[in-house]
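> The structure follows.
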Amino acid sequence: MSSECSSNCSSCGASCSQRDPKSMIKPQNAKSNIKKVIAVVSGKGGVGKSMVTALSAISSSRMGYNTAILDADITGPSIPHMFGLTDKAMGTEDGMIPIESANGIKNMSINLLLDNESDPVAWRGPILGSVVEQFWQEVVWGDVDFMFVDMPPGTGDVLLTTFQSLPVSGIIVVTSPQDLVSMIVSKAVKMAEQMDIPILGIIENMSYLECPDCGKKIELFGKSHLDEIAAKYGIEILGRIPILPDLAAMADNGDIENFNYDFLDPIMTVLKGIAD
């Protein structure tokens, strides 16, 4: 901030080095009481971020927490399909009403507002960011212990808007077992540091395939570097998700809540640790 700064932030915007990012947080809807916001991020696409978001929310719900998912991947939403949600979100004088899954997880996604879920969303970055703010402020979420935000890949407008406008309690980083995992984690770590948001841990998706005949673990995408990367950045490993045809089929069929698993047990411990 220059010596001529008048304290009017509109003159220099969010780039001002003296501006506290938390000063830009938007208020919740008057009928919402959201305690913890967890953002699920990755440095690139195609690593299964939405799958991790869904499974993390299911873990939270199974522990008895009131759980919600805000689908911030506006141009590529997949959360409603995984949960088999076909009803459209409706509005009241208090705001939009989220759609609940079979087990009570509250969801809001652009696909719950479109006439056809296959319709493209060809909007520019600032508009995409404003939709996330609307989902935060104009949706009647009610009492929520944990809200998981499914972020789009990369570190663009939507991620920046989310980190500045929502009171994010921590982020979960999603990676895959490839050599570029270091770059993926590095981007997420640096962004989190810039925004002063703690990293709760890292999850490796598509970690291995288990042979149905002999039980041997086959590393289809090469040897995992998760342990060394986690140690380098001081990040806790929250789980390794194998390639499971049954899991993929249940997600495709909108039945993901009925999938039983134990490979994300560490995330349950983390959630218990930060719960009020």
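How things are named: the first chain in the structure tokens is A, the next is B, and so on; residues count from 1 in each chain; ligands count from 1 in the order shown.
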Which of range 26-104 of chain A end up as alpha helix (DSSP H) when DSSP is run on this backbone - answer as a list in words?
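The alpha helix (DSSP H) residues within range 26-104 of chain A come out as Lys49, Ser50, Met51, Val52, Thr53, Ala54, Leu55, Ser56, Ala57, Ile58, Ser59, Ser60, Ser61, Arg62, Ile79, Pro80, His81 and Met82 of chain A.
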> For Phe148 in chain A, work out the shell of residues within 12 Å, counting only C-alpha atoms and skipping chain neighbours fewer than 4 positions away, then give it as a VMD selection string.
chain A and resid 34 to 41 49 to 61 66 to 72 79 105 to 108 136 144 162 166 to 172 271
> Near Phe221 in chain A, counting only C-alpha atoms, which residues have an atom at most 7 Å away, once you skip same-chain residues fewer than 2 positions from it, shown as a PyMOL selection string?
chain A and resi 177-178+219+223
> Name the residues in contact with Phe163 in chain A at a cut-off of 9 Å, using only C-alpha atoms, excluding same-chain residues fewer than 4 positions from it; report them as a ChimeraX atom specification.
/A:21-22,25,39,158-159,167-168,192,195,197
> Using only C-alpha atoms, which of the listed residues (A:Met250, A:Val131, A:Ile202, A:Ile256) sits closest to Ile184 in chain A?
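Selected residue with least distance to Ile184 in chain A: A:Ile202.
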> CA of Gly45 in chain A to CA of Val174 in chain A: how many Å, to one decimal?
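CA of Val174 in chain A lies 9.9 Å from CA of Gly45 in chain A.
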